[in-house]
Every structure is written in structure tokens, then in C-alpha cells.
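This is query.txt. It holds compact mmCIF, C-alpha atoms.
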```txt
# COMPACT_ATOMS: atom_id res chain seq x y z
CA MET A 1 0.00 0.00 0.00
CA VAL A 2 1.38 3.42 -1.01
CA ASN A 3 1.56 6.08 1.71
CA ASN A 4 -0.38 9.28 0.92
CA ASN A 5 2.82 11.32 1.28
CA SER A 6 4.97 8.99 -0.81
CA PRO A 7 6.14 10.14 -4.25
CA GLN A 8 5.13 6.67 -5.50
CA ARG A 9 1.54 7.98 -5.59
CA LEU A 10 2.60 9.78 -8.78
CA GLY A 11 2.39 6.42 -10.52
CA THR A 12 -0.83 5.13 -8.94
CA ALA A 13 -3.24 7.91 -7.90
CA PRO A 14 -5.83 9.28 -10.39
CA ILE A 15 -4.28 11.87 -12.71
CA GLY A 16 -6.99 14.47 -12.12
CA ARG A 17 -6.50 14.31 -8.37
CA LEU A 18 -2.71 14.43 -8.69
CA LEU A 19 -2.83 17.40 -11.03
CA LEU A 20 -5.00 19.30 -8.56
CA GLU A 21 -2.77 18.27 -5.67
CA TYR A 22 0.45 19.34 -7.38
CA SER A 23 -0.69 22.17 -9.63
CA ILE A 24 -2.91 24.16 -7.29
CA PRO A 25 -0.11 24.79 -4.76
CA ALA A 26 2.26 25.69 -7.61
CA ILE A 27 -0.36 27.94 -9.23
CA ILE A 28 -1.07 29.65 -5.92
CA ALA A 29 2.65 30.16 -5.35
CA MET A 30 3.25 31.54 -8.85
CA THR A 31 0.14 33.72 -8.67
CA VAL A 32 1.18 35.16 -5.34
CA VAL A 33 4.69 35.85 -6.65
CA SER A 34 3.26 37.50 -9.77
CA LEU A 35 0.84 39.53 -7.70
CA TYR A 36 3.78 40.70 -5.63
CA ASN A 37 5.49 41.93 -8.81
CA VAL A 38 2.30 43.72 -9.80
CA ILE A 39 1.79 45.23 -6.36
CA ASP A 40 5.47 46.19 -6.16
CA SER A 41 5.11 48.05 -9.46
CA ILE A 42 1.99 49.77 -8.13
CA PHE A 43 3.92 50.88 -5.03
CA ILE A 44 6.76 52.18 -7.20
CA GLY A 45 4.41 53.88 -9.68
CA HIS A 46 2.46 55.75 -7.04
CA GLY A 47 5.23 56.13 -4.45
CA VAL A 48 8.14 57.11 -6.70
CA GLY A 49 6.66 58.09 -10.08
CA ALA A 50 6.16 57.26 -13.73
CA MET A 51 9.87 57.57 -14.52
CA ALA A 52 10.65 54.96 -11.85
CA ILE A 53 8.26 52.57 -13.64
CA ALA A 54 10.28 53.16 -16.80
CA GLY A 55 13.52 52.56 -14.87
CA LEU A 56 12.13 49.30 -13.52
CA ALA A 57 11.19 48.22 -17.06
CA VAL A 58 14.78 48.82 -18.16
CA THR A 59 15.91 46.17 -15.66
CA PHE A 60 13.73 43.46 -17.24
CA PRO A 61 16.45 42.14 -19.60
CA LEU A 62 18.94 41.83 -16.76
CA MET A 63 16.34 40.17 -14.55
CA ASN A 64 15.65 37.67 -17.35
CA LEU A 65 19.36 36.93 -17.58
CA ILE A 66 19.55 36.38 -13.81
CA ILE A 67 16.54 34.06 -13.94
CA ALA A 68 18.14 32.18 -16.85
CA PHE A 69 21.17 31.12 -14.82
CA CYS A 70 18.94 30.10 -11.91
CA THR A 71 16.57 27.95 -14.02
CA LEU A 72 19.56 26.37 -15.77
CA VAL A 73 20.22 24.52 -12.52
CA GLY A 74 16.88 24.63 -10.68
CA VAL A 75 14.62 23.31 -13.44
CA GLY A 76 17.16 20.77 -14.66
CA SER A 77 17.66 19.43 -11.14
CA ALA A 78 13.92 19.17 -10.45
CA THR A 79 13.24 17.31 -13.70
CA ILE A 80 16.05 14.80 -13.25
CA THR A 81 15.09 14.22 -9.62
CA SER A 82 11.53 13.34 -10.68
CA ILE A 83 12.77 10.90 -13.30
CA TYR A 84 15.15 9.21 -10.84
CA MET A 85 12.37 8.84 -8.28
CA GLY A 86 10.19 7.26 -10.97
CA GLN A 87 13.01 4.77 -11.48
CA LYS A 88 13.16 4.18 -7.67
CA ASP A 89 16.75 5.46 -7.64
CA HIS A 90 16.83 7.30 -4.29
CA ARG A 91 20.62 7.58 -4.21
CA ARG A 92 20.88 9.45 -7.49
CA ALA A 93 17.95 11.70 -6.59
CA THR A 94 19.76 12.64 -3.37
CA SER A 95 22.96 13.29 -5.30
CA VAL A 96 21.12 15.67 -7.66
CA LEU A 97 19.95 17.72 -4.66
CA HIS A 98 23.53 18.28 -3.53
CA HIS A 99 24.66 19.13 -7.03
CA ALA A 100 21.84 21.67 -7.28
CA ALA A 101 22.85 23.44 -4.04
CA ILE A 102 26.50 23.73 -5.09
CA LEU A 103 25.79 24.88 -8.63
CA LEU A 104 23.13 27.41 -7.54
CA ALA A 105 25.45 29.02 -5.00
CA PHE A 106 28.31 29.15 -7.50
CA ASN A 107 26.18 30.65 -10.28
CA GLY A 108 24.66 33.23 -7.95
CA VAL A 109 28.02 34.52 -6.67
CA LEU A 110 29.69 34.49 -10.09
CA LEU A 111 26.90 36.40 -11.86
CA THR A 112 26.75 38.97 -9.05
CA CYS A 113 30.48 39.70 -9.19
CA VAL A 114 30.62 40.02 -12.97
CA THR A 115 27.47 42.10 -13.36
CA LEU A 116 28.24 44.63 -10.61
CA VAL A 117 31.49 45.56 -12.33
CA PHE A 118 29.74 46.45 -15.60
CA LEU A 119 26.31 47.48 -14.25
CA ASP A 120 26.01 50.96 -15.79
CA PRO A 121 27.16 49.98 -19.31
CA VAL A 122 24.88 46.94 -19.19
CA LEU A 123 21.85 49.02 -18.21
CA ARG A 124 22.57 51.58 -20.93
CA PHE A 125 22.81 48.76 -23.46
CA PHE A 126 19.45 47.48 -22.19
CA GLY A 127 17.76 50.80 -23.01
CA ALA A 128 18.40 53.06 -20.00
CA SER A 129 18.45 56.81 -20.67
CA GLU A 130 19.91 59.57 -18.50
CA ASP A 131 16.48 59.90 -16.85
CA THR A 132 15.91 56.21 -16.09
CA LEU A 133 19.47 55.03 -15.37
CA PRO A 134 19.56 56.20 -11.70
CA TYR A 135 16.38 54.27 -10.89
CA ALA A 136 17.52 51.14 -12.71
CA ARG A 137 20.97 51.26 -11.10
CA ASP A 138 19.64 51.73 -7.56
CA PHE A 139 17.24 48.81 -7.95
CA MET A 140 19.60 46.33 -9.61
CA ARG A 141 22.61 46.96 -7.37
CA ILE A 142 20.69 45.76 -4.31
CA ILE A 143 19.05 42.88 -6.19
CA LEU A 144 22.47 41.67 -7.33
CA TYR A 145 23.89 41.69 -3.78
CA GLY A 146 21.07 39.32 -2.82
CA ASN A 147 21.39 37.17 -5.93
CA PRO A 148 23.01 34.09 -4.27
CA ILE A 149 20.18 34.08 -1.73
CA ALA A 150 17.56 34.21 -4.49
CA TYR A 151 19.24 31.38 -6.41
CA LEU A 152 19.29 29.00 -3.46
CA PHE A 153 15.69 29.83 -2.60
CA VAL A 154 14.17 29.57 -6.10
CA GLY A 155 16.28 26.65 -7.34
CA LEU A 156 15.89 24.43 -4.28
CA ASN A 157 12.20 25.29 -4.05
CA ASN A 158 11.79 23.65 -7.48
CA VAL A 159 13.53 20.54 -6.18
CA MET A 160 11.32 20.53 -3.07
CA ARG A 161 8.21 20.50 -5.25
CA ALA A 162 9.61 17.75 -7.48
CA THR A 163 10.44 15.50 -4.52
CA GLY A 164 6.85 15.30 -3.31
CA TYR A 165 6.29 18.48 -1.28
CA PRO A 166 4.14 20.79 -3.42
CA ARG A 167 2.41 22.38 -0.44
CA LYS A 168 5.66 23.24 1.32
CA ALA A 169 6.97 24.73 -1.94
CA MET A 170 3.77 26.77 -2.20
CA PHE A 171 4.09 27.97 1.38
CA SER A 172 7.68 29.11 0.87
CA SER A 173 6.60 31.29 -2.06
CA ILE A 174 3.64 32.69 -0.12
CA LEU A 175 5.93 33.39 2.83
CA THR A 176 8.34 35.45 0.75
CA VAL A 177 5.55 37.42 -0.88
CA ALA A 178 3.88 38.11 2.47
CA VAL A 179 7.14 39.46 3.87
CA ASN A 180 7.66 41.56 0.75
CA ILE A 181 4.18 43.06 0.68
CA VAL A 182 4.43 43.99 4.36
CA VAL A 183 7.94 45.43 4.19
CA ALA A 184 7.90 47.15 0.77
CA PRO A 185 5.39 49.93 1.58
CA ILE A 186 7.24 50.63 4.84
CA PHE A 187 10.54 51.00 3.00
CA ILE A 188 9.04 52.99 0.08
CA PHE A 189 6.43 55.24 1.73
CA THR A 190 7.32 55.44 5.43
CA LEU A 191 11.13 55.43 5.29
CA LYS A 192 11.19 57.22 1.90
CA TRP A 193 13.81 54.84 0.47
CA GLY A 194 12.15 54.87 -2.95
CA ILE A 195 13.10 52.20 -5.47
CA LYS A 196 15.98 51.11 -3.22
CA GLY A 197 13.38 50.21 -0.60
CA ALA A 198 11.55 48.00 -3.09
CA ALA A 199 14.77 46.12 -3.86
CA LEU A 200 15.68 45.73 -0.18
CA ALA A 201 12.23 44.33 0.57
CA THR A 202 12.69 41.78 -2.22
CA VAL A 203 16.06 40.58 -0.89
CA LEU A 204 14.77 40.37 2.70
CA ALA A 205 11.80 38.29 1.54
CA GLN A 206 14.00 35.94 -0.47
CA PHE A 207 16.30 35.46 2.52
CA THR A 208 13.27 34.35 4.56
CA GLY A 209 12.33 31.87 1.84
CA MET A 210 15.87 30.53 1.61
CA ILE A 211 15.95 29.77 5.34
CA TRP A 212 12.64 27.89 5.03
CA VAL A 213 13.79 25.77 2.07
CA LEU A 214 17.18 24.95 3.58
CA SER A 215 15.53 23.88 6.84
CA HIS A 216 13.40 21.41 4.84
CA PHE A 217 16.39 19.75 3.17
CA LEU A 218 18.34 19.68 6.44
CA ASN A 219 15.50 17.73 8.06
CA ARG A 220 16.21 13.99 8.01
CA ASN A 221 12.48 13.25 7.82
CA SER A 222 12.30 14.80 4.34
CA TYR A 223 12.14 12.13 1.63
CA ILE A 224 15.19 13.66 -0.10
CA HIS A 225 17.55 15.60 2.16
CA PHE A 226 21.17 16.65 2.60
CA LYS A 227 23.52 13.85 3.65
CA ARG A 228 27.21 13.56 4.32
CA GLY A 229 29.31 12.13 1.54
CA TYR A 230 27.26 13.65 -1.30
CA PHE A 231 28.87 17.08 -1.55
CA GLY A 232 31.00 16.33 -4.57
CA LEU A 233 30.37 17.08 -8.23
CA GLN A 234 30.11 14.32 -10.82
CA ARG A 235 30.56 15.30 -14.43
CA ARG A 236 27.71 13.09 -15.66
CA ILE A 237 25.13 14.54 -13.24
CA VAL A 238 26.26 18.11 -13.89
CA ALA A 239 25.95 17.51 -17.64
CA SER A 240 22.45 16.04 -17.20
CA ILE A 241 21.28 18.98 -15.09
CA LEU A 242 22.63 21.54 -17.54
CA SER A 243 21.26 19.65 -20.53
CA ILE A 244 17.70 19.60 -19.20
CA GLY A 245 17.97 23.11 -17.79
CA MET A 246 19.31 24.47 -21.08
CA SER A 247 15.80 24.92 -22.49
CA PRO A 248 14.54 27.41 -19.85
CA PHE A 249 18.02 28.97 -19.76
CA LEU A 250 17.99 29.70 -23.47
CA MET A 251 14.36 30.81 -23.28
CA ASN A 252 15.17 33.38 -20.60
CA SER A 253 18.40 34.40 -22.34
CA CYS A 254 16.48 34.99 -25.55
CA ALA A 255 13.86 36.88 -23.55
CA CYS A 256 16.69 39.11 -22.38
CA LEU A 257 17.69 39.81 -25.99
CA VAL A 258 14.06 40.37 -26.99
CA VAL A 259 13.42 42.89 -24.22
CA ILE A 260 16.60 44.75 -25.18
CA ILE A 261 15.26 45.11 -28.72
CA ILE A 262 11.81 46.07 -27.41
CA ASN A 263 13.22 48.71 -25.04
CA THR A 264 15.47 50.14 -27.74
CA SER A 265 12.63 50.33 -30.26
CA LEU A 266 10.25 51.88 -27.75
CA LEU A 267 12.86 54.43 -26.69
CA ASP A 268 13.42 55.40 -30.35
CA TYR A 269 9.73 55.61 -31.34
CA GLY A 270 7.94 56.45 -28.08
CA GLY A 271 10.47 57.61 -25.49
CA ASN A 272 10.72 56.74 -21.80
CA MET A 273 6.94 56.65 -21.36
CA ALA A 274 6.62 53.89 -23.98
CA ILE A 275 9.18 51.82 -22.04
CA GLY A 276 7.19 52.46 -18.86
CA ALA A 277 4.03 51.33 -20.67
CA TYR A 278 5.73 48.10 -21.68
CA GLY A 279 6.68 47.58 -18.03
CA ILE A 280 3.02 47.81 -17.03
CA VAL A 281 1.75 45.62 -19.87
CA ASN A 282 4.47 43.03 -19.30
CA ARG A 283 3.61 42.78 -15.60
CA MET A 284 -0.05 42.05 -16.36
CA MET A 285 0.61 39.48 -19.09
CA THR A 286 3.32 37.84 -17.01
CA LEU A 287 0.77 37.36 -14.23
CA PHE A 288 -1.22 34.91 -16.37
CA VAL A 289 1.89 33.33 -17.89
CA MET A 290 3.17 32.58 -14.39
CA ILE A 291 -0.15 30.92 -13.51
CA VAL A 292 0.29 28.64 -16.53
CA LEU A 293 3.88 27.96 -15.50
CA GLY A 294 2.53 27.00 -12.07
CA LEU A 295 0.27 24.50 -13.82
CA ALA A 296 3.27 23.21 -15.79
CA GLN A 297 5.32 22.93 -12.59
CA GLY A 298 2.56 20.82 -11.09
CA MET A 299 2.55 18.63 -14.19
CA GLN A 300 6.33 18.19 -14.19
CA PRO A 301 6.75 15.66 -11.35
CA ILE A 302 3.70 13.68 -12.56
CA VAL A 303 4.93 13.55 -16.15
CA GLY A 304 8.56 12.96 -15.18
CA TYR A 305 7.79 10.16 -12.73
CA ASN A 306 5.42 8.29 -15.07
CA TYR A 307 7.72 8.76 -18.05
CA GLY A 308 10.55 7.28 -16.00
CA ALA A 309 8.23 4.42 -14.98
CA ASN A 310 7.13 3.81 -18.62
CA ARG A 311 3.50 4.69 -17.81
CA PHE A 312 2.86 6.54 -21.06
CA ASP A 313 -0.91 6.37 -20.76
CA ARG A 314 -0.66 8.50 -17.61
CA VAL A 315 1.79 10.85 -19.32
CA LYS A 316 -0.66 11.52 -22.16
CA LEU A 317 -3.63 12.04 -19.85
CA THR A 318 -1.66 14.56 -17.77
CA LEU A 319 -0.72 16.39 -20.96
CA HIS A 320 -4.35 16.58 -22.12
CA TYR A 321 -5.45 18.10 -18.82
CA GLY A 322 -2.57 20.57 -18.90
CA ILE A 323 -3.27 21.83 -22.42
CA PHE A 324 -6.96 22.35 -21.64
CA TRP A 325 -6.43 24.28 -18.43
CA GLY A 326 -3.47 26.24 -19.80
CA GLY A 327 -5.68 27.51 -22.60
CA CYS A 328 -8.46 28.41 -20.14
CA ILE A 329 -6.10 30.49 -18.01
CA THR A 330 -4.77 32.68 -20.82
CA THR A 331 -8.22 32.96 -22.39
CA PHE A 332 -9.41 34.53 -19.16
CA GLY A 333 -6.44 36.92 -19.30
CA PHE A 334 -7.28 37.79 -22.90
CA LEU A 335 -10.86 38.71 -21.96
CA LEU A 336 -9.79 40.90 -19.05
CA ASN A 337 -7.12 42.75 -21.04
CA GLU A 338 -9.45 43.41 -23.97
CA LEU A 339 -12.58 44.35 -22.00
CA ILE A 340 -11.23 46.51 -19.15
CA PRO A 341 -7.75 47.76 -20.16
CA SER A 342 -8.30 51.21 -18.62
CA VAL A 343 -9.09 49.71 -15.22
CA ILE A 344 -6.01 47.48 -15.34
CA VAL A 345 -3.42 50.10 -16.31
CA GLY A 346 -5.05 52.61 -13.96
CA LEU A 347 -3.87 50.48 -11.05
CA PHE A 348 -0.24 51.32 -11.84
CA THR A 349 -0.26 55.03 -12.58
CA ASP A 350 -2.37 58.16 -12.84
CA ASP A 351 -0.11 59.82 -15.43
CA PRO A 352 -2.38 60.57 -18.46
CA GLU A 353 0.28 59.95 -21.11
CA LEU A 354 1.43 56.69 -19.56
CA LEU A 355 -2.19 55.56 -19.16
CA GLU A 356 -3.00 56.09 -22.84
CA ILE A 357 0.12 54.36 -24.18
CA SER A 358 -0.30 51.42 -21.76
CA ARG A 359 -3.98 50.92 -22.60
CA ASN A 360 -3.25 50.72 -26.32
CA GLY A 361 -0.29 48.38 -25.81
CA LEU A 362 -2.22 46.03 -23.54
CA ARG A 363 -5.03 45.55 -26.03
CA ILE A 364 -2.76 44.89 -29.01
CA MET A 365 -0.31 42.60 -27.21
CA SER A 366 -3.19 40.49 -25.86
CA ALA A 367 -4.74 39.85 -29.29
CA ALA A 368 -3.55 36.19 -29.46
CA PHE A 369 -3.08 35.66 -25.74
CA ALA A 370 -5.76 32.93 -25.54
CA ILE A 371 -3.47 30.34 -27.21
CA VAL A 372 -0.33 31.23 -25.25
CA GLY A 373 -1.22 28.93 -22.34
CA MET A 374 -1.40 25.87 -24.58
CA GLN A 375 1.91 26.72 -26.23
CA ILE A 376 3.62 27.05 -22.82
CA VAL A 377 2.28 23.70 -21.59
CA ILE A 378 3.46 21.91 -24.74
CA THR A 379 6.96 23.37 -24.45
CA GLN A 380 7.18 22.49 -20.75
CA PHE A 381 5.94 18.97 -21.50
CA PHE A 382 8.96 18.20 -23.66
CA GLN A 383 11.21 19.54 -20.93
CA SER A 384 9.49 17.34 -18.33
CA ILE A 385 10.17 14.12 -20.27
CA GLY A 386 13.80 15.01 -20.84
CA LYS A 387 13.40 15.89 -24.54
CA SER A 388 15.62 18.94 -24.14
CA ARG A 389 16.35 19.39 -27.84
CA ILE A 390 12.67 19.74 -28.78
CA SER A 391 11.99 22.02 -25.82
CA ILE A 392 14.99 24.18 -26.72
CA PHE A 393 13.87 24.37 -30.35
CA LEU A 394 10.36 25.48 -29.38
CA SER A 395 11.74 28.06 -26.98
CA LEU A 396 14.30 29.44 -29.39
CA SER A 397 12.07 29.42 -32.46
CA ARG A 398 9.53 31.69 -30.77
CA GLN A 399 12.17 34.20 -29.70
CA LEU A 400 14.80 34.06 -32.43
CA LEU A 401 13.03 32.88 -35.57
CA PHE A 402 9.69 34.67 -35.13
CA LEU A 403 9.72 37.50 -32.59
CA ILE A 404 13.04 39.20 -33.28
CA PRO A 405 12.42 39.50 -37.07
CA CYS A 406 9.00 41.05 -36.32
CA LEU A 407 10.59 43.50 -33.89
CA LEU A 408 13.15 44.51 -36.50
CA ILE A 409 10.71 44.80 -39.44
CA LEU A 410 7.45 46.26 -38.05
CA PRO A 411 8.49 49.24 -35.84
CA PRO A 412 10.13 51.27 -38.66
CA PHE A 413 6.76 51.20 -40.45
CA TYR A 414 4.28 51.32 -37.56
CA GLY A 415 6.24 52.84 -34.66
CA THR A 416 5.26 51.70 -31.16
CA ASN A 417 2.27 49.80 -32.59
CA GLY A 418 4.75 47.74 -34.60
CA VAL A 419 6.36 46.66 -31.32
CA TRP A 420 3.00 45.79 -29.78
CA TRP A 421 1.79 43.80 -32.84
CA SER A 422 4.98 41.73 -32.96
CA ILE A 423 3.86 39.84 -29.86
CA PRO A 424 0.51 38.37 -31.04
CA ILE A 425 1.90 37.57 -34.49
CA THR A 426 4.75 35.62 -32.88
CA ASP A 427 2.43 33.86 -30.42
CA THR A 428 0.26 32.57 -33.27
CA VAL A 429 3.15 31.17 -35.30
CA ALA A 430 4.84 29.65 -32.23
CA PHE A 431 1.62 27.88 -31.23
CA ILE A 432 1.27 26.29 -34.68
CA VAL A 433 4.87 25.03 -34.57
CA ALA A 434 4.47 23.66 -31.01
CA LEU A 435 1.26 21.88 -31.98
CA ALA A 436 2.97 20.26 -34.98
CA ALA A 437 5.90 19.08 -32.82
CA LEU A 438 3.55 17.61 -30.23
CA TRP A 439 1.42 15.83 -32.84
CA TYR A 440 4.51 14.20 -34.34
CA HIS A 441 5.91 13.11 -30.96
CA ILE A 442 2.59 11.74 -29.66
CA ARG A 443 2.12 9.70 -32.83
CA LYS A 444 5.62 8.32 -32.45
CA MET A 445 5.10 7.53 -28.76
CA SER A 446 1.73 5.87 -29.51
CA ARG A 447 3.30 3.50 -32.05
CA ILE A 448 5.92 2.40 -29.53
CA HIS A 449 3.66 2.34 -26.48
CA PRO A 450 0.01 2.00 -27.62
CA LEU A 451 -2.70 2.67 -25.07
CA LYS A 452 -4.27 -0.45 -23.60
```
Do you think you could lay out the structure here as C-alpha cells?
Amino acid sequence: MVNNNSPQRLGTAPIGRLLLEYSIPAIIAMTVVSLYNVIDSIFIGHGVGAMAIAGLAVTFPLMNLIIAFCTLVGVGSATITSIYMGQKDHRRATSVLHHAAILLAFNGVLLTCVTLVFLDPVLRFFGASEDTLPYARDFMRIILYGNPIAYLFVGLNNVMRATGYPRKAMFSSILTVAVNIVVAPIFIFTLKWGIKGAALATVLAQFTGMIWVLSHFLNRNSYIHFKRGYFGLQRRIVASILSIGMSPFLMNSCACLVVIIINTSLLDYGGNMAIGAYGIVNRMMTLFVMIVLGLAQGMQPIVGYNYGANRFDRVKLTLHYGIFWGGCITTFGFLLNELIPSVIVGLFTDDPELLEISRNGLRIMSAAFAIVGMQIVITQFFQSIGKSRISIFLSLSRQLLFLIPCLLILPPFYGTNGVWWSIPITDTVAFIVALAALWYHIRKMSRIHPLK
């Protein structure tokens, strides 16, 4: 008989129940984190000003790059851990945990040291002007000092979820957001620390989350936990982690390049206010994307475990549920953004110019948003079963083959609207390509492992 807390339930319990059990905590965690980002932007917009919103938007490429190096290890480690547990290989799963901790700490320190040296030139390259550079610099300098803390928290939280503790992973995210939401207004409004206060609140919250996650893996009662004799790197495990994690790494790296091009185009054709508008629009659309990613995170241990256990019928059923609900989530976002754009952007600012530009951008960028959820789930599915090459292709094709050409071609003819329209055009093409890749792989998998 399988214990209710045992990861072996991933191979026996009903898929619908498992998906609720694993996805809802992840969705709640991702939603809360996204809401924090939205609320933080609202605090900055009303407490510091419209130019601070633009300065925060300038930091998006660098934040994407930071996230890329974290997911390179965190997502790869979580996926491989799930597969090893499906194969009943507890020793290797434990070894992956230790590799993750070492690699996350190393990446966090290295990226902090390198980036701080070249911070101003990097921010200027990312689209900062003389007006927005001080805000961007003040925010990112503090975020970078706390980068190793953030890496250990976010990366090991992924592993915690993958090893059978979705609720604890959810709580750690909620804990950090609660700390942030309480502390940020005190730092920004009461102590008058401005955008520096927002960054300090973020680092303090992540430190709280890191302590929570580390205490879990130091507890011997945890199914996978730190043990003596495992703190050594093996080339094969490192290569496996980096191979699986390469897909989200390249996706976030490409997102960095894309946002650089977006910021540069918006600065040329619309000025600082257009960059600020993109910051608002991006926050709102990211909110729904993160909810879908929460769904995908909940799917990941179920898919990975059953794929490792050769239960392909359960893999396919999990995928079907994921695609349906992913599409429902972004369809809801599409309806909100199209029907009440003025209400949404009005939450962030009361500047008339910024309001008008943001409202127009939100409506155009959301034109094909309904299908984005399905595309994300399909891409994450390939990552969950260890098909890194397909996942990398789907990630890169959207950014490099479709979006960047649109961003280079359309703005010279249509100005800021050309930037906005590049997004839905790319989303449509990327969805068609992802659907074709999935159809081909499912047919191939069905021939080898037909459903009974």
C-alpha cells in the first residue's frame, strides 16, 4: 500500500486528483509571486513616479538573464530528480539535490560579481536613458547583492516541489511574498527609500524563503535531504542537469535579448513613457503566464515520474489536462485585457500619457493571448520528459526565428504599434509550430507504447 505522502503515488493515484494536488499549490505560489510583482510596481508607480516605472522596465532584460542562470540549474535538477524517483533510484535523486545546491550558489556569486562591475554599461545597453538610469541602477545593485540568496531559494524550491512536497513549496513562495508586501510599503512610503526600498524588501523576503527551504532539506524526515558524503560534483550529473535546464536557460536568455530590442525600439519611437508602458503591460501578461507555469510545474513531477516508470498512458492524460487548463487560463487573461484595459493600467499610474500608451499596448499585445497557455504547456511537457532538444527548439524558435524578425521589421513602419503587434503575431506562429511538434511526438510515442 502506497503512503499518501509517498512520491510513489505519482504512478498510482488518479491523474486528475494528482494534477490538482500538485498544480494548485504551484499555481497559488506563482500567482502570489506575480501579484507581488504587480503590487510592487503599483507601489513604485504611485510612491516614486512614472519615470521609476520606466527605470524598472529597463531592468527586465537583466532580470531575465539572472533568472536564466537560476533555471539552468533549478529546473534541470527538479526534472532529473523526478525521473530518478520514478526509477526508484533514491541515491541518485539525493545526489542531484547536492549538485543543485553547489551549482546554484556558485552561479549566484559568479553572476553577481561580474554584473556589478559592468552594471552601468549593461543598463545603458538594455535601453536606459539619463532619466531612467539612476532608478535602474539603484534597484539592480541591491538585487544583485542578494542574488546568491535568491538562487538558493528559487532553485531548491523547485527541487522541493519535485520531490513530493508541493504544499511546502507553495508555502515558501507565499511566505516570501507576504514578507515583501508587508515590508515594501514601509521602505518605500514610510522610510522614503524609494526604489531602493523596493529592492531591499525583495532581498529580505528571499532570505526568509531561503531559510525555510534549507531547513526542509536539512530535516532527516524529508524524503530527499542533505547527507554527508554527497557534496562532490560528478561530471555526468552536472551535464544532465545543464542539458535539461538548457531549455529554460535559453528561453530566458532569448527573452533578455528580446526585451533589449523592445526597449530600444520603444525608446526610439515612443520615449521613456513607452518603455514604462511596456513595463506595465508586461507585468499584467506575465501574471497569467506565471499561472500557466505553475500548472506546468505541477505537471512536471507527474509527467517525469510516469515517463521514468514507462507509464505513457498516464503521461498523455496529464498532458491533455494541462493543455486544456493552460488555454483556459490565458483565455481569461485575454478577456480581461481586452474588455477593461483602462481599469487594469489605472492600477499602476495616474499619469495621463502613460495611461494612454499602456492601454493601447495592452489591447494589441493580448490579441492572441488565448493560445499562449497551450503553447507554454506543450513546451514544458517536452522539458518534463527530458526531450531537451525539442523544448529548446520550441523556446528558441519563438524568440529568435519569429519574434526578433517582427521587432526589426514592423516598428520602422508602424512605430510603437509595430512593437505591440509583434507579440501576437509571434504567439500565433509559435503555437502552430508547437502543436505540430507535439502531434509528431505523440504519434511516435503511440506507435511504440500504444494505449491499452
Q.
Between CA of Arg314 (chain A) and CA of Gly11 (chain A), what distance in Å does the model show, to one decimal?
A.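 Answer for the CA of Arg314 (chain A) to CA of Gly11 (chain A) separation: 8.0 Å.
Distances here use only C-alpha atoms; by that measure, the residue among A:Gln383, A:Ser422, A:Gln234, A:Thr208 closest to Ser247 (chain A) is A:Gln383.
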Q: Extract, using only C-alpha atoms, all DNA, RNA and protein residues at most 12 Å from region 211-221 of chain A, discarding same-chain residues fewer than 2 positions from it, and format them as a PyMOL selection string.
A: chain A and resi 5+94+97-98+100-101+149-161+163+165+168-176+204-209+223-228
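Using all atoms listed in the file for every distance, the candidate list A:Ile280, A:Val32, A:Val258, A:Leu191 yields A:Ile280 as the residue closest to Gly361 (chain A).
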Q: Go through A:Gly108, A:Gly55, A:Gly279, A:Gly86 one by one, measure the shortest atom-to-atom distance of each to Asn37 (chain A) using only C-alpha atoms, and give the residue with the smallest value.
A: A:Gly279
Q: Within 10 Å of Ile323 (chain A), counting all atoms listed in the file, which residues show up once you throw out same-chain ones fewer than 5 positions away? Write them as a PyMOL selection string, please.
A: chain A and resi 292+295-296+318+328+371+373-378+381
Using the selection just defined, write its residues with C-alpha atoms as a tab-separated table (two decimals), keeping the file's coordinate frame.
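See out-v6.tsv below for the written result:
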```
chain	number	residue	atom	x	y	z
A	292	VAL	CA	0.29	28.64	-16.53
A	295	LEU	CA	0.27	24.50	-13.82
A	296	ALA	CA	3.27	23.21	-15.79
A	318	THR	CA	-1.66	14.56	-17.77
A	328	CYS	CA	-8.46	28.41	-20.14
A	371	ILE	CA	-3.47	30.34	-27.21
A	373	GLY	CA	-1.22	28.93	-22.34
A	374	MET	CA	-1.40	25.87	-24.58
A	375	GLN	CA	1.91	26.72	-26.23
A	376	ILE	CA	3.62	27.05	-22.82
A	377	VAL	CA	2.28	23.70	-21.59
A	378	ILE	CA	3.46	21.91	-24.74
A	381	PHE	CA	5.94	18.97	-21.50
```
Q | Minimum-distance residue to Leu401 (chain A), chosen among A:Ala367, A:Val75, A:Cys254, A:Ala54 (using only C-alpha atoms) | A | A:Cys254
(Q) Here is a test: counting all atoms listed in the file, which residue of A:Gly76, A:Pro25, A:Pro185, A:Gly415 is nearest to Ile262 (chain A)? (A)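 Checking each candidate against Ile262 (chain A), we get A:Gly415 as the closest.
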Q) Which residue, A:Gly294, A:Gly326, A:Ala239, A:Val183, has the smallest gap to His99 (chain A) when you use all atoms listed in the file? A)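 Smallest distance to His99 (chain A) is found for A:Ala239.
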Q: For Ile66 (chain A), please output as a PyMOL selection string all residues within 10 Å (counting all atoms listed in the file; exclusion window: fewer than 2 positions along the same chain).
A: chain A and resi 60-64+68-71+107-108+111-112+115+144+147+150-151+249+252-253+256
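CA of Gly327 (chain A) to CA of Met299 (chain A) spans 14.7 Å [interatomic distance, one decimal].
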Q.
Need the shell around Tyr278 (chain A): protein/DNA/RNA residues with any atom at most 9 Å away, counting all atoms listed in the file. Skip same-chain ones fewer than 5 positions apart. Format as an NGL selection string?
A. :A and (54 or 57 or 262-263 or 266 or 273 or 283 or 357-358 or 361-362 or 420)
Q. Leaving out Arg17 (chain A) and any residue of its chain fewer than 5 positions from it, which residues lie within 12 Å of it when counting all atoms listed in the file, given as a PyMOL selection string?
A. chain A and resi 9-10+12+22-24+298-299+302+318+321
Q. Quick one: distance from CA of Ile392 (chain A) to CA of Thr379 (chain A) in Å, one decimal?
A.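 Taking CA of Ile392 (chain A) and CA of Thr379 (chain A), their separation equals 8.4 Å.
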